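File shown: final38.csv (CSV, C-alpha atoms (C1' of nucleotides)).
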chain,number,residue,atom,x,y,z
W,1,MET,CA,-9.2,-3.1,22.2
W,2,LEU,CA,-9.3,0.5,23.3
W,3,VAL,CA,-13.0,0.7,22.5
W,4,HIS,CA,-13.5,-2.3,24.8
W,5,MET,CA,-11.6,-0.5,27.5
W,6,ALA,CA,-13.7,2.6,27.0
W,7,GLU,CA,-16.8,0.4,27.4
W,8,ALA,CA,-15.5,-1.4,30.4
W,9,GLY,CA,-16.7,1.2,32.8
W,10,GLY,CA,-13.4,1.7,34.6
W,11,ARG,CA,-12.8,-2.0,35.2
W,12,ALA,CA,-9.4,-3.3,34.0
W,13,LEU,CA,-9.5,-5.8,31.2
W,14,THR,CA,-6.9,-8.6,31.3
W,15,SER,CA,-4.8,-9.3,28.2
W,16,GLU,CA,-6.5,-12.7,28.3
W,17,GLU,CA,-9.9,-11.0,27.8
W,18,LEU,CA,-8.6,-8.5,25.2
W,19,SER,CA,-7.0,-11.3,23.2
W,20,SER,CA,-10.2,-13.3,23.0
W,21,PHE,CA,-12.0,-10.2,21.5
W,22,ILE,CA,-9.7,-10.2,18.6
W,23,HIS,CA,-9.0,-13.9,18.5
W,24,THR,CA,-5.3,-13.8,19.3
W,25,ASN,CA,-2.9,-14.4,22.1
W,26,PRO,CA,-2.5,-12.6,25.4
W,27,VAL,CA,1.3,-12.0,24.8
W,28,VAL,CA,0.5,-10.5,21.4
W,29,VAL,CA,-1.8,-8.1,23.0
W,30,ARG,CA,0.7,-7.1,25.6
W,31,ARG,CA,3.4,-6.5,23.0
W,32,SER,CA,1.0,-4.7,20.7
W,33,ILE,CA,-0.2,-2.1,23.2
W,34,ALA,CA,3.0,-1.7,25.2
W,35,GLY,CA,3.7,1.5,23.3
W,36,LEU,CA,0.4,3.0,24.3
W,37,ARG,CA,1.3,2.7,28.0
W,38,GLU,CA,4.4,4.8,27.6
W,39,ALA,CA,2.3,7.4,25.9
W,40,GLY,CA,-0.3,7.4,28.8
W,41,VAL,CA,-3.1,6.2,26.5
W,42,VAL,CA,-3.5,3.1,28.5
W,43,ALA,CA,-2.4,2.0,32.0
W,44,SER,CA,-1.6,-1.5,33.0
W,45,SER,CA,-1.6,-3.0,36.5
W,46,ARG,CA,-0.4,-6.3,37.7
W,47,GLY,CA,-1.7,-8.9,40.0
W,48,HIS,CA,-5.2,-9.7,41.1
W,49,GLY,CA,-7.8,-7.5,39.5
W,50,GLY,CA,-5.1,-6.1,37.3
W,51,GLY,CA,-5.2,-5.6,33.5
W,52,TRP,CA,-5.6,-2.7,31.1
W,53,GLN,CA,-7.6,0.4,31.2
W,54,LEU,CA,-7.6,3.8,29.5
W,55,GLY,CA,-5.0,6.2,30.8
W,56,ARG,CA,-7.4,9.2,30.4
W,57,ALA,CA,-10.9,10.0,29.3
W,58,PRO,CA,-11.8,8.6,25.8
W,59,GLU,CA,-12.7,12.1,24.7
W,60,ARG,CA,-9.1,13.1,25.1
W,61,ILE,CA,-7.6,10.2,23.1
W,62,THR,CA,-7.4,10.7,19.4
W,63,LEU,CA,-6.6,8.3,16.6
W,64,ALA,CA,-3.6,10.5,15.8
W,65,GLU,CA,-2.1,9.9,19.3
W,66,ILE,CA,-2.8,6.2,19.1
W,67,SER,CA,-1.1,5.9,15.7
W,68,SER,CA,1.8,7.9,16.8
W,69,ALA,CA,2.2,6.0,20.1
W,70,LEU,CA,2.2,2.7,18.3
W,71,GLY,CA,5.0,4.0,16.1
W,72,GLU,CA,3.0,3.6,13.0
W,73,THR,CA,3.9,5.6,9.9
W,74,LEU,CA,1.0,7.5,8.3
W,75,LEU,CA,2.6,7.1,4.8
W,76,PRO,CA,3.7,3.7,3.5
W,77,PHE,CA,7.0,4.6,1.9
W,78,SER,CA,10.6,5.2,3.1
W,79,THR,CA,12.7,8.2,2.3
W,80,GLU,CA,15.9,6.7,3.6
W,81,PRO,CA,18.7,7.0,1.1
W,82,GLU,CA,19.9,3.6,-0.1
W,83,SER,CA,22.6,4.9,-2.5
W,84,PRO,CA,23.9,8.1,-0.9
W,85,GLY,CA,25.5,10.1,-3.7
W,86,CYS,CA,23.0,9.0,-6.3
W,87,LEU,CA,21.5,12.3,-7.6
W,88,VAL,CA,18.5,10.6,-9.0
W,89,GLU,CA,17.7,9.2,-5.6
W,90,GLN,CA,18.3,12.6,-4.0
W,91,ALA,CA,15.8,14.3,-6.4
W,92,VAL,CA,13.2,11.6,-5.7
W,93,ILE,CA,13.7,11.8,-1.9
W,94,ALA,CA,13.5,15.5,-2.0
W,95,ALA,CA,10.2,15.4,-3.7
W,96,LEU,CA,8.8,12.7,-1.4
W,97,GLU,CA,10.1,14.5,1.7
W,98,GLY,CA,8.2,17.6,0.7
W,99,PHE,CA,5.1,15.5,0.0
W,100,ARG,CA,5.5,13.6,3.3
W,101,THR,CA,5.9,16.7,5.4
W,102,GLU,CA,2.7,18.3,4.1
W,103,ALA,CA,0.8,15.1,3.9
W,104,GLU,CA,1.6,13.9,7.4
W,105,ARG,CA,0.5,17.2,8.8
W,106,LEU,CA,-2.8,16.9,7.0
W,107,LEU,CA,-3.4,13.3,8.0
W,108,ALA,CA,-2.5,13.9,11.6
W,109,GLU,CA,-4.8,16.8,11.7
W,110,LYS,CA,-7.6,14.7,10.4
W,111,LEU,CA,-6.9,11.8,12.7
W,112,GLY,CA,-6.6,14.2,15.6
W,113,ARG,CA,-10.3,15.1,15.2
W,114,ILE,CA,-11.4,11.5,15.7
W,115,THR,CA,-11.5,10.5,19.4
W,116,LEU,CA,-11.9,7.2,21.0
W,117,ALA,CA,-15.2,8.6,22.4
W,118,ASP,CA,-16.4,8.9,18.9
W,119,LEU,CA,-15.7,5.3,18.1
W,120,ALA,CA,-17.3,4.2,21.4
W,121,ALA,CA,-20.4,6.2,20.7
W,122,ASP,CA,-20.7,4.7,17.2
W,123,PHE,CA,-20.2,1.3,18.7
W,124,ARG,CA,-22.9,1.9,21.3
W,125,ARG,CA,-25.3,3.2,18.6
W,126,ARG,CA,-24.8,0.0,16.6
W,127,TYR,CA,-25.2,-2.0,19.7
W,128,ASP,CA,-28.4,-0.4,20.8
W,129,GLU,CA,-29.8,-0.6,17.3
W,130,ILE,CA,-29.0,-4.3,16.6
W,131,GLY,CA,-28.9,-5.5,20.1
W,132,VAL,CA,-26.7,-8.5,19.7
W,133,THR,CA,-23.4,-9.6,21.2
W,134,SER,CA,-20.5,-7.4,20.3
W,135,HIS,CA,-18.1,-10.2,19.6
W,136,ALA,CA,-19.8,-12.4,17.2
W,137,VAL,CA,-17.4,-14.3,15.0
D,138,MET,CA,14.2,4.2,-13.0
D,139,LEU,CA,11.6,6.5,-14.6
D,140,VAL,CA,13.9,9.5,-14.1
D,141,HIS,CA,16.6,7.6,-15.9
D,142,MET,CA,14.2,6.9,-18.8
D,143,ALA,CA,13.2,10.6,-18.9
D,144,GLU,CA,16.9,11.4,-19.1
D,145,ALA,CA,17.7,8.8,-21.7
D,146,GLY,CA,16.6,11.0,-24.6
D,147,GLY,CA,14.2,8.5,-26.2
D,148,ARG,CA,16.6,5.6,-26.2
D,149,ALA,CA,15.3,2.4,-24.6
D,150,LEU,CA,17.1,1.3,-21.5
D,151,THR,CA,17.4,-2.4,-20.9
D,152,SER,CA,16.3,-4.0,-17.6
D,153,GLU,CA,20.0,-4.9,-17.3
D,154,GLU,CA,20.9,-1.2,-17.3
D,155,LEU,CA,18.1,-0.2,-15.1
D,156,SER,CA,18.9,-2.9,-12.5
D,157,SER,CA,22.5,-1.7,-12.3
D,158,PHE,CA,21.3,1.8,-11.4
D,159,ILE,CA,19.5,0.5,-8.3
D,160,HIS,CA,21.8,-2.4,-7.6
D,161,THR,CA,19.4,-5.2,-8.2
D,162,ASN,CA,18.5,-7.8,-10.6
D,163,PRO,CA,17.0,-7.4,-14.2
D,164,VAL,CA,14.1,-9.8,-13.4
D,165,VAL,CA,13.2,-7.8,-10.3
D,166,VAL,CA,13.1,-4.7,-12.5
D,167,ARG,CA,10.8,-6.3,-15.1
D,168,ARG,CA,8.5,-7.6,-12.4
D,169,SER,CA,8.5,-4.2,-10.6
D,170,ILE,CA,7.5,-2.0,-13.5
D,171,ALA,CA,5.3,-4.5,-15.4
D,172,GLY,CA,2.3,-2.7,-13.9
D,173,LEU,CA,3.5,0.6,-15.4
D,174,ARG,CA,3.3,-0.8,-18.9
D,175,GLU,CA,-0.4,-1.7,-18.6
D,176,ALA,CA,-1.0,1.9,-17.5
D,177,GLY,CA,0.9,3.3,-20.5
D,178,VAL,CA,3.4,5.0,-18.2
D,179,VAL,CA,6.2,3.0,-19.8
D,180,ALA,CA,6.6,1.0,-23.0
D,181,SER,CA,8.8,-2.1,-23.4
D,182,SER,CA,10.1,-3.6,-26.6
D,183,ARG,CA,11.9,-6.9,-27.2
D,184,GLY,CA,14.9,-7.8,-29.2
D,185,HIS,CA,17.9,-5.8,-30.4
D,186,GLY,CA,17.8,-2.2,-29.3
D,187,GLY,CA,14.8,-3.0,-27.1
D,188,GLY,CA,14.2,-2.1,-23.5
D,189,TRP,CA,12.1,0.4,-21.6
D,190,GLN,CA,11.1,3.9,-22.3
D,191,LEU,CA,8.5,6.4,-21.1
D,192,GLY,CA,5.1,5.8,-22.6
D,193,ARG,CA,4.4,9.5,-22.8
D,194,ALA,CA,6.1,12.9,-22.1
D,195,PRO,CA,7.3,13.2,-18.5
D,196,GLU,CA,5.3,16.3,-18.0
D,197,ARG,CA,2.2,14.1,-18.3
D,198,ILE,CA,3.3,11.4,-15.9
D,199,THR,CA,2.4,12.2,-12.3
D,200,LEU,CA,3.5,10.5,-9.1
D,201,ALA,CA,-0.2,9.8,-8.4
D,202,GLU,CA,-0.4,7.8,-11.6
D,203,ILE,CA,2.8,5.9,-10.9
D,204,SER,CA,1.6,5.0,-7.4
D,205,SER,CA,-1.7,3.9,-8.6
D,206,ALA,CA,-0.3,1.9,-11.6
D,207,LEU,CA,2.0,0.1,-9.2
D,208,GLY,CA,-1.0,-0.9,-7.1
D,209,GLU,CA,0.4,0.8,-4.1
D,210,THR,CA,-1.9,2.0,-1.3
D,211,LEU,CA,-1.5,5.5,-0.2
D,212,LEU,CA,-2.4,4.7,3.4
D,213,PRO,CA,-0.8,1.8,5.3
D,214,PHE,CA,-3.8,0.2,7.0
D,215,SER,CA,-6.4,-2.3,6.0
D,216,THR,CA,-10.2,-1.8,6.4
D,217,GLU,CA,-11.0,-5.4,5.6
D,218,PRO,CA,-13.3,-6.8,8.3
D,219,GLU,CA,-11.7,-9.7,10.0
D,220,SER,CA,-14.6,-10.6,12.3
D,221,PRO,CA,-17.7,-9.7,10.4
D,222,GLY,CA,-20.4,-9.2,13.0
D,223,CYS,CA,-18.2,-7.6,15.6
D,224,LEU,CA,-19.8,-4.2,16.2
D,225,VAL,CA,-16.6,-2.8,17.6
D,226,GLU,CA,-14.8,-3.6,14.4
D,227,GLN,CA,-17.6,-2.2,12.4
D,228,ALA,CA,-17.3,1.1,14.3
D,229,VAL,CA,-13.6,1.3,13.8
D,230,ILE,CA,-13.8,0.4,10.1
D,231,ALA,CA,-16.5,3.0,9.6
D,232,ALA,CA,-14.3,5.7,11.1
D,233,LEU,CA,-11.2,4.5,9.1
D,234,GLU,CA,-13.2,4.3,5.9
D,235,GLY,CA,-14.3,7.9,6.3
D,236,PHE,CA,-10.8,9.0,7.0
D,237,ARG,CA,-9.4,6.9,4.1
D,238,THR,CA,-11.8,8.3,1.5
D,239,GLU,CA,-11.0,11.9,2.4
D,240,ALA,CA,-7.3,11.3,2.9
D,241,GLU,CA,-6.7,9.4,-0.3
D,242,ARG,CA,-8.4,12.1,-2.2
D,243,LEU,CA,-6.1,14.7,-0.6
D,244,LEU,CA,-3.0,12.6,-1.1
D,245,ALA,CA,-3.7,11.8,-4.7
D,246,GLU,CA,-4.4,15.4,-5.4
D,247,LYS,CA,-1.0,16.3,-4.0
D,248,LEU,CA,0.8,13.6,-5.8
D,249,GLY,CA,-1.0,14.5,-8.9
D,250,ARG,CA,0.8,17.8,-8.9
D,251,ILE,CA,4.3,16.3,-9.0
D,252,THR,CA,5.3,15.1,-12.5
D,253,LEU,CA,8.2,13.1,-13.6
D,254,ALA,CA,9.4,16.2,-15.4
D,255,ASP,CA,9.7,17.9,-12.0
D,256,LEU,CA,11.9,15.1,-10.7
D,257,ALA,CA,14.0,15.1,-13.9
D,258,ALA,CA,14.5,18.8,-13.7
D,259,ASP,CA,15.5,18.6,-10.1
D,260,PHE,CA,17.9,15.8,-10.9
D,261,ARG,CA,19.4,17.9,-13.7
D,262,ARG,CA,19.8,20.9,-11.5
D,263,ARG,CA,21.7,18.8,-9.0
D,264,TYR,CA,23.7,17.2,-11.8
D,265,ASP,CA,24.7,20.6,-13.3
D,266,GLU,CA,25.5,22.0,-9.9
D,267,ILE,CA,27.7,19.2,-8.6
D,268,GLY,CA,28.8,17.7,-11.9
D,269,VAL,CA,29.6,14.2,-10.8
D,270,THR,CA,28.3,10.9,-12.0
D,271,SER,CA,24.7,10.2,-11.2
D,272,HIS,CA,25.1,6.7,-10.0
D,273,ALA,CA,27.8,6.9,-7.3
D,274,VAL,CA,27.4,4.2,-4.8
I,275,DA,C1',1.2,-18.1,51.3
I,276,DG,C1',-1.3,-18.6,47.2
I,277,DA,C1',-3.5,-16.9,43.1
I,278,DT,C1',-3.4,-13.7,39.5
I,279,DT,C1',-1.6,-10.8,36.0
I,280,DC,C1',1.8,-8.1,33.5
I,281,DG,C1',6.7,-7.9,31.3
I,282,DT,C1',9.8,-10.0,28.5
I,283,DA,C1',12.9,-13.3,26.5
I,284,DA,C1',13.3,-17.2,23.5
I,285,DC,C1',11.7,-20.1,20.2
I,286,DT,C1',8.7,-21.7,16.1
I,287,DA,C1',5.8,-21.2,12.1
I,288,DA,C1',3.8,-18.6,8.4
I,289,DT,C1',4.0,-15.0,5.2
I,290,DT,C1',6.1,-11.8,2.3
I,291,DT,C1',9.7,-10.0,-0.4
I,292,DA,C1',14.0,-10.0,-3.0
I,293,DG,C1',17.0,-12.5,-5.6
I,294,DT,C1',18.3,-16.1,-9.0
I,295,DT,C1',18.1,-19.5,-12.7
I,296,DA,C1',16.1,-21.1,-16.7
I,297,DC,C1',13.8,-20.9,-20.9
I,298,DA,C1',10.3,-19.5,-24.3
I,299,DT,C1',8.9,-15.6,-27.2
I,300,DG,C1',9.7,-11.8,-30.1
I,301,DA,C1',12.5,-8.5,-32.9
I,302,DA,C1',16.5,-6.6,-35.1
I,303,DA,C1',21.0,-7.3,-37.6
I,304,DC,C1',23.7,-9.5,-40.7
M,305,DG,C1',17.4,-17.7,-42.1
M,306,DT,C1',20.4,-17.8,-38.5
M,307,DT,C1',22.4,-15.3,-34.8
M,308,DT,C1',22.0,-12.1,-31.2
M,309,DC,C1',19.7,-9.5,-28.0
M,310,DA,C1',16.0,-8.4,-24.9
M,311,DT,C1',11.6,-9.0,-22.6
M,312,DG,C1',7.9,-12.3,-20.2
M,313,DT,C1',7.3,-15.5,-16.9
M,314,DA,C1',7.6,-19.6,-14.1
M,315,DA,C1',10.0,-21.9,-10.5
M,316,DC,C1',13.0,-22.1,-6.9
M,317,DT,C1',15.9,-20.2,-2.9
M,318,DA,C1',17.1,-17.1,0.8
M,319,DA,C1',16.2,-13.4,3.9
M,320,DA,C1',13.3,-10.6,6.6
M,321,DT,C1',9.2,-9.7,8.9
M,322,DT,C1',5.3,-10.9,11.7
M,323,DA,C1',2.3,-13.8,14.5
M,324,DG,C1',1.9,-17.1,17.7
M,325,DT,C1',3.6,-19.9,21.7
M,326,DT,C1',5.9,-21.4,25.9
M,327,DA,C1',8.2,-20.2,29.9
M,328,DC,C1',9.2,-17.8,33.8
M,329,DG,C1',10.3,-13.7,36.8
M,330,DA,C1',8.2,-9.6,39.1
M,331,DA,C1',4.4,-7.3,41.1
M,332,DT,C1',0.0,-7.1,43.5
M,333,DC,C1',-4.1,-8.5,45.7
M,334,DT,C1',-6.8,-11.6,49.0
Rewrite the structure from the file as structure tokens, please.
Amino acid sequence: MLVHMAEAGGRALTSEELSSFIHTNPVVVRRSIAGLREAGVVASSRGHGGGWQLGRAPERITLAEISSALGETLLPFSTEPESPGCLVEQAVIAALEGFRTEAERLLAEKLGRITLADLAADFRRRYDEIGVTSHAV
Amino acid sequence: MLVHMAEAGGRALTSEELSSFIHTNPVVVRRSIAGLREAGVVASSRGHGGGWQLGRAPERITLAEISSALGETLLPFSTEPESPGCLVEQAVIAALEGFRTEAERLLAEKLGRITLADLAADFRRRYDEIGVTSHAV
DNA sequence: AGATTCGTAACTAATTTAGTTACATGAAAC
DNA sequence: GTTTCATGTAACTAAATTAGTTACGAATCT
């Protein structure tokens, strides 16, 4: 959806339009990207001509920010204690916390190097090359 | 559960025992660690005196192997195309695949340095220090 | 004033996961 | 060889999560 906004040339895209791109429902779109608004990644406006657009230049939006603004975790495991007092769990969690700290730093660093402009440029390259509609099913 | 096996001194632990450690059901235990058997991380035996034990020395069992044997993904996103033909999706997937390849290598490398023996040693340290039961609720 | 669009609550349906029961299979003990 | 114990696995239930939908209020433009 953000790539579409980057390609929209400043025009706001409605959640109706965005939802049709990914074959889902306008309300799902609004819910999904609400977190990006608070982070300034996108801006939404109501009423006639309203909709969604990028909150700043795509060169300044990284995948790391998007992931973080969406509240996604970069690592698919929990380190919440489930049996506080269990020393085995404590040892496991200590090891995983150490891993997580270092790993998240590495992953965020890598995702921070990929910008929305990169994705848009790659999309455009594919588009110019193949020259078909961008939303084929 | 694997730390418990490492601490069991070669004795097989039943899924009944293992399940009580993590407050769940024996069948859930069997289902959960079945994948570890095929990978040789654990061995199971039936009948009297049977149960579960490590398939090799804990020094030679890494968290990377465990994660892989359980079929866990190290990164919590999918790169399966949902709309083949959509050039935007293709650009996004291409970027994520590049990231995934590099990231998974990094993560596996890090997890490969943590062995079950490390966890068991840390557990033992905590145990000797505090000197209480290892399965307090 | 009327049309449009987001924001959000409330509800439904589908999917996933954990937990449970049941029973067949295999192995040790006596 | 029978009994006991333990895994392997299927089948079912319950709970939690997620996606989708409807409805409607609030904001904004023409």
Matching every Cα in sequence order between the two identical chains, what are the coordinates of chain W once fitted onto chain D? Write them as an mmCIF file with C-alpha atoms, in the coordinates of the input.
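Saved result, out-v5.cif, follows:
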data_model
loop_
_atom_site.group_PDB
_atom_site.id
_atom_site.type_symbol
_atom_site.label_atom_id
_atom_site.label_comp_id
_atom_site.auth_asym_id
_atom_site.auth_seq_id
_atom_site.Cartn_x
_atom_site.Cartn_y
_atom_site.Cartn_z
ATOM 1 C CA MET W 1 14.163 4.225 -12.972
ATOM 2 C CA LEU W 2 11.615 6.455 -14.619
ATOM 3 C CA VAL W 3 13.852 9.475 -14.117
ATOM 4 C CA HIS W 4 16.588 7.558 -15.955
ATOM 5 C CA MET W 5 14.179 6.885 -18.763
ATOM 6 C CA ALA W 6 13.212 10.534 -18.893
ATOM 7 C CA GLU W 7 16.932 11.371 -19.162
ATOM 8 C CA ALA W 8 17.633 8.775 -21.751
ATOM 9 C CA GLY W 9 16.651 10.983 -24.601
ATOM 10 C CA GLY W 10 14.226 8.561 -26.224
ATOM 11 C CA ARG W 11 16.639 5.631 -26.203
ATOM 12 C CA ALA W 12 15.282 2.433 -24.584
ATOM 13 C CA LEU W 13 17.019 1.324 -21.446
ATOM 14 C CA THR W 14 17.403 -2.445 -20.932
ATOM 15 C CA SER W 15 16.321 -3.991 -17.624
ATOM 16 C CA GLU W 16 19.992 -4.930 -17.315
ATOM 17 C CA GLU W 17 20.930 -1.213 -17.319
ATOM 18 C CA LEU W 18 18.018 -0.172 -15.053
ATOM 19 C CA SER W 19 18.914 -2.869 -12.539
ATOM 20 C CA SER W 20 22.508 -1.736 -12.254
ATOM 21 C CA PHE W 21 21.271 1.842 -11.378
ATOM 22 C CA ILE W 22 19.547 0.567 -8.361
ATOM 23 C CA HIS W 23 21.845 -2.330 -7.643
ATOM 24 C CA THR W 24 19.384 -5.156 -8.192
ATOM 25 C CA ASN W 25 18.447 -7.769 -10.693
ATOM 26 C CA PRO W 26 17.071 -7.412 -14.196
ATOM 27 C CA VAL W 27 14.072 -9.775 -13.435
ATOM 28 C CA VAL W 28 13.237 -7.686 -10.370
ATOM 29 C CA VAL W 29 13.074 -4.662 -12.477
ATOM 30 C CA ARG W 30 10.860 -6.285 -15.021
ATOM 31 C CA ARG W 31 8.445 -7.518 -12.365
ATOM 32 C CA SER W 32 8.520 -4.207 -10.542
ATOM 33 C CA ILE W 33 7.545 -2.015 -13.490
ATOM 34 C CA ALA W 34 5.275 -4.457 -15.302
ATOM 35 C CA GLY W 35 2.286 -2.622 -13.876
ATOM 36 C CA LEU W 36 3.413 0.661 -15.321
ATOM 37 C CA ARG W 37 3.306 -0.774 -18.859
ATOM 38 C CA GLU W 38 -0.339 -1.676 -18.575
ATOM 39 C CA ALA W 39 -1.018 1.835 -17.446
ATOM 40 C CA GLY W 40 0.904 3.334 -20.484
ATOM 41 C CA VAL W 41 3.487 5.007 -18.225
ATOM 42 C CA VAL W 42 6.211 2.997 -19.745
ATOM 43 C CA ALA W 43 6.556 0.927 -22.949
ATOM 44 C CA SER W 44 8.716 -2.085 -23.338
ATOM 45 C CA SER W 45 10.086 -3.591 -26.556
ATOM 46 C CA ARG W 46 11.846 -6.804 -27.146
ATOM 47 C CA GLY W 47 14.812 -7.864 -29.101
ATOM 48 C CA HIS W 48 17.799 -5.932 -30.304
ATOM 49 C CA GLY W 49 17.757 -2.321 -29.246
ATOM 50 C CA GLY W 50 14.771 -3.098 -27.108
ATOM 51 C CA GLY W 51 14.194 -2.117 -23.446
ATOM 52 C CA TRP W 52 12.119 0.424 -21.557
ATOM 53 C CA GLN W 53 11.128 3.906 -22.272
ATOM 54 C CA LEU W 54 8.465 6.362 -21.122
ATOM 55 C CA GLY W 55 5.046 5.768 -22.594
ATOM 56 C CA ARG W 56 4.359 9.562 -22.829
ATOM 57 C CA ALA W 57 5.993 12.865 -22.110
ATOM 58 C CA PRO W 58 7.386 13.172 -18.506
ATOM 59 C CA GLU W 59 5.285 16.274 -18.025
ATOM 60 C CA ARG W 60 2.189 14.165 -18.325
ATOM 61 C CA ILE W 61 3.225 11.478 -15.802
ATOM 62 C CA THR W 62 2.457 12.220 -12.219
ATOM 63 C CA LEU W 63 3.525 10.502 -9.034
ATOM 64 C CA ALA W 64 -0.157 9.801 -8.378
ATOM 65 C CA GLU W 65 -0.451 7.754 -11.631
ATOM 66 C CA ILE W 66 2.764 5.919 -10.911
ATOM 67 C CA SER W 67 1.625 4.976 -7.396
ATOM 68 C CA SER W 68 -1.707 3.930 -8.589
ATOM 69 C CA ALA W 69 -0.316 1.897 -11.520
ATOM 70 C CA LEU W 70 2.024 0.042 -9.236
ATOM 71 C CA GLY W 71 -0.953 -0.875 -7.076
ATOM 72 C CA GLU W 72 0.447 0.839 -4.097
ATOM 73 C CA THR W 73 -1.863 1.934 -1.288
ATOM 74 C CA LEU W 74 -1.483 5.575 -0.205
ATOM 75 C CA LEU W 75 -2.488 4.658 3.417
ATOM 76 C CA PRO W 76 -0.764 1.839 5.299
ATOM 77 C CA PHE W 77 -3.729 0.198 6.965
ATOM 78 C CA SER W 78 -6.469 -2.292 5.938
ATOM 79 C CA THR W 79 -10.155 -1.802 6.408
ATOM 80 C CA GLU W 80 -11.054 -5.364 5.580
ATOM 81 C CA PRO W 81 -13.304 -6.881 8.191
ATOM 82 C CA GLU W 82 -11.639 -9.789 9.981
ATOM 83 C CA SER W 83 -14.564 -10.601 12.332
ATOM 84 C CA PRO W 84 -17.701 -9.753 10.351
ATOM 85 C CA GLY W 85 -20.452 -9.228 12.912
ATOM 86 C CA CYS W 86 -18.163 -7.669 15.472
ATOM 87 C CA LEU W 87 -19.733 -4.216 16.140
ATOM 88 C CA VAL W 88 -16.580 -2.855 17.575
ATOM 89 C CA GLU W 89 -14.764 -3.683 14.385
ATOM 90 C CA GLN W 90 -17.589 -2.182 12.325
ATOM 91 C CA ALA W 91 -17.380 1.154 14.255
ATOM 92 C CA VAL W 92 -13.595 1.248 13.803
ATOM 93 C CA ILE W 93 -13.805 0.419 10.061
ATOM 94 C CA ALA W 94 -16.447 2.973 9.574
ATOM 95 C CA ALA W 95 -14.315 5.638 11.037
ATOM 96 C CA LEU W 96 -11.208 4.589 9.091
ATOM 97 C CA GLU W 97 -13.193 4.303 5.847
ATOM 98 C CA GLY W 98 -14.327 7.879 6.223
ATOM 99 C CA PHE W 99 -10.760 8.949 7.023
ATOM 100 C CA ARG W 100 -9.369 6.916 4.092
ATOM 101 C CA THR W 101 -11.803 8.296 1.571
ATOM 102 C CA GLU W 102 -10.979 11.923 2.384
ATOM 103 C CA ALA W 103 -7.346 11.308 2.944
ATOM 104 C CA GLU W 104 -6.728 9.397 -0.265
ATOM 105 C CA ARG W 105 -8.371 12.136 -2.230
ATOM 106 C CA LEU W 106 -6.096 14.687 -0.638
ATOM 107 C CA LEU W 107 -2.936 12.658 -1.109
ATOM 108 C CA ALA W 108 -3.724 11.819 -4.687
ATOM 109 C CA GLU W 109 -4.367 15.396 -5.393
ATOM 110 C CA LYS W 110 -1.041 16.334 -3.980
ATOM 111 C CA LEU W 111 0.829 13.585 -5.751
ATOM 112 C CA GLY W 112 -0.958 14.465 -8.959
ATOM 113 C CA ARG W 113 0.783 17.875 -8.959
ATOM 114 C CA ILE W 114 4.237 16.296 -8.972
ATOM 115 C CA THR W 115 5.313 15.157 -12.471
ATOM 116 C CA LEU W 116 8.158 13.080 -13.566
ATOM 117 C CA ALA W 117 9.389 16.237 -15.390
ATOM 118 C CA ASP W 118 9.709 17.866 -12.070
ATOM 119 C CA LEU W 119 11.882 15.140 -10.677
ATOM 120 C CA ALA W 120 13.995 15.120 -13.870
ATOM 121 C CA ALA W 121 14.496 18.838 -13.703
ATOM 122 C CA ASP W 122 15.567 18.631 -10.042
ATOM 123 C CA PHE W 123 17.886 15.831 -10.961
ATOM 124 C CA ARG W 124 19.404 17.839 -13.803
ATOM 125 C CA ARG W 125 19.825 20.888 -11.508
ATOM 126 C CA ARG W 126 21.746 18.755 -9.008
ATOM 127 C CA TYR W 127 23.726 17.287 -11.782
ATOM 128 C CA ASP W 128 24.720 20.544 -13.335
ATOM 129 C CA GLU W 129 25.545 22.000 -9.951
ATOM 130 C CA ILE W 130 27.734 19.120 -8.634
ATOM 131 C CA GLY W 131 28.814 17.733 -11.891
ATOM 132 C CA VAL W 132 29.576 14.211 -10.882
ATOM 133 C CA THR W 133 28.327 10.802 -11.963
ATOM 134 C CA SER W 134 24.704 10.192 -11.215
ATOM 135 C CA HIS W 135 25.163 6.696 -9.927
ATOM 136 C CA ALA W 136 27.761 6.916 -7.339
ATOM 137 C CA VAL W 137 27.441 4.232 -4.712
#
**Complete:** From CA of Ala103 (chain W) to CA of Leu243 (chain D) the spacing works out at 8.2 Å
**Request:** Take CA of Leu253 (chain D) and CA of Pro195 (chain D) and report the distance between them in Å, one decimal.
**Result:** 5.0 Å
Considering only C-alpha atoms (C1' of nucleotides), return as a PDB file with C-alpha atoms (C1' of nucleotides), in the frame of the given file whatever protein or nucleic-acid residues lie within 10 Å of region 317-329 of chain M, sequence-local ones (same chain, fewer than 3 positions apart) excluded.
ATOM      1  CA  THR W  24      -5.300 -13.800  19.300  1.00  0.00           C
ATOM      2  CA  ASN W  25      -2.900 -14.400  22.100  1.00  0.00           C
ATOM      3  CA  PRO W  26      -2.500 -12.600  25.400  1.00  0.00           C
ATOM      4  CA  VAL W  27       1.300 -12.000  24.800  1.00  0.00           C
ATOM      5  CA  VAL W  28       0.500 -10.500  21.400  1.00  0.00           C
TER       6      VAL W  28
ATOM      7  C1'  DG I 281       6.700  -7.900  31.300  1.00  0.00           C
ATOM      8  C1'  DT I 282       9.800 -10.000  28.500  1.00  0.00           C
ATOM      9  C1'  DA I 283      12.900 -13.300  26.500  1.00  0.00           C
ATOM     10  C1'  DA I 284      13.300 -17.200  23.500  1.00  0.00           C
ATOM     11  C1'  DC I 285      11.700 -20.100  20.200  1.00  0.00           C
ATOM     12  C1'  DT I 286       8.700 -21.700  16.100  1.00  0.00           C
ATOM     13  C1'  DA I 287       5.800 -21.200  12.100  1.00  0.00           C
ATOM     14  C1'  DA I 288       3.800 -18.600   8.400  1.00  0.00           C
ATOM     15  C1'  DT I 289       4.000 -15.000   5.200  1.00  0.00           C
ATOM     16  C1'  DT I 290       6.100 -11.800   2.300  1.00  0.00           C
ATOM     17  C1'  DT I 291       9.700 -10.000  -0.400  1.00  0.00           C
ATOM     18  C1'  DA I 292      14.000 -10.000  -3.000  1.00  0.00           C
ATOM     19  C1'  DG I 293      17.000 -12.500  -5.600  1.00  0.00           C
ATOM     20  C1'  DT I 294      18.300 -16.100  -9.000  1.00  0.00           C
TER      21       DT I 294
END
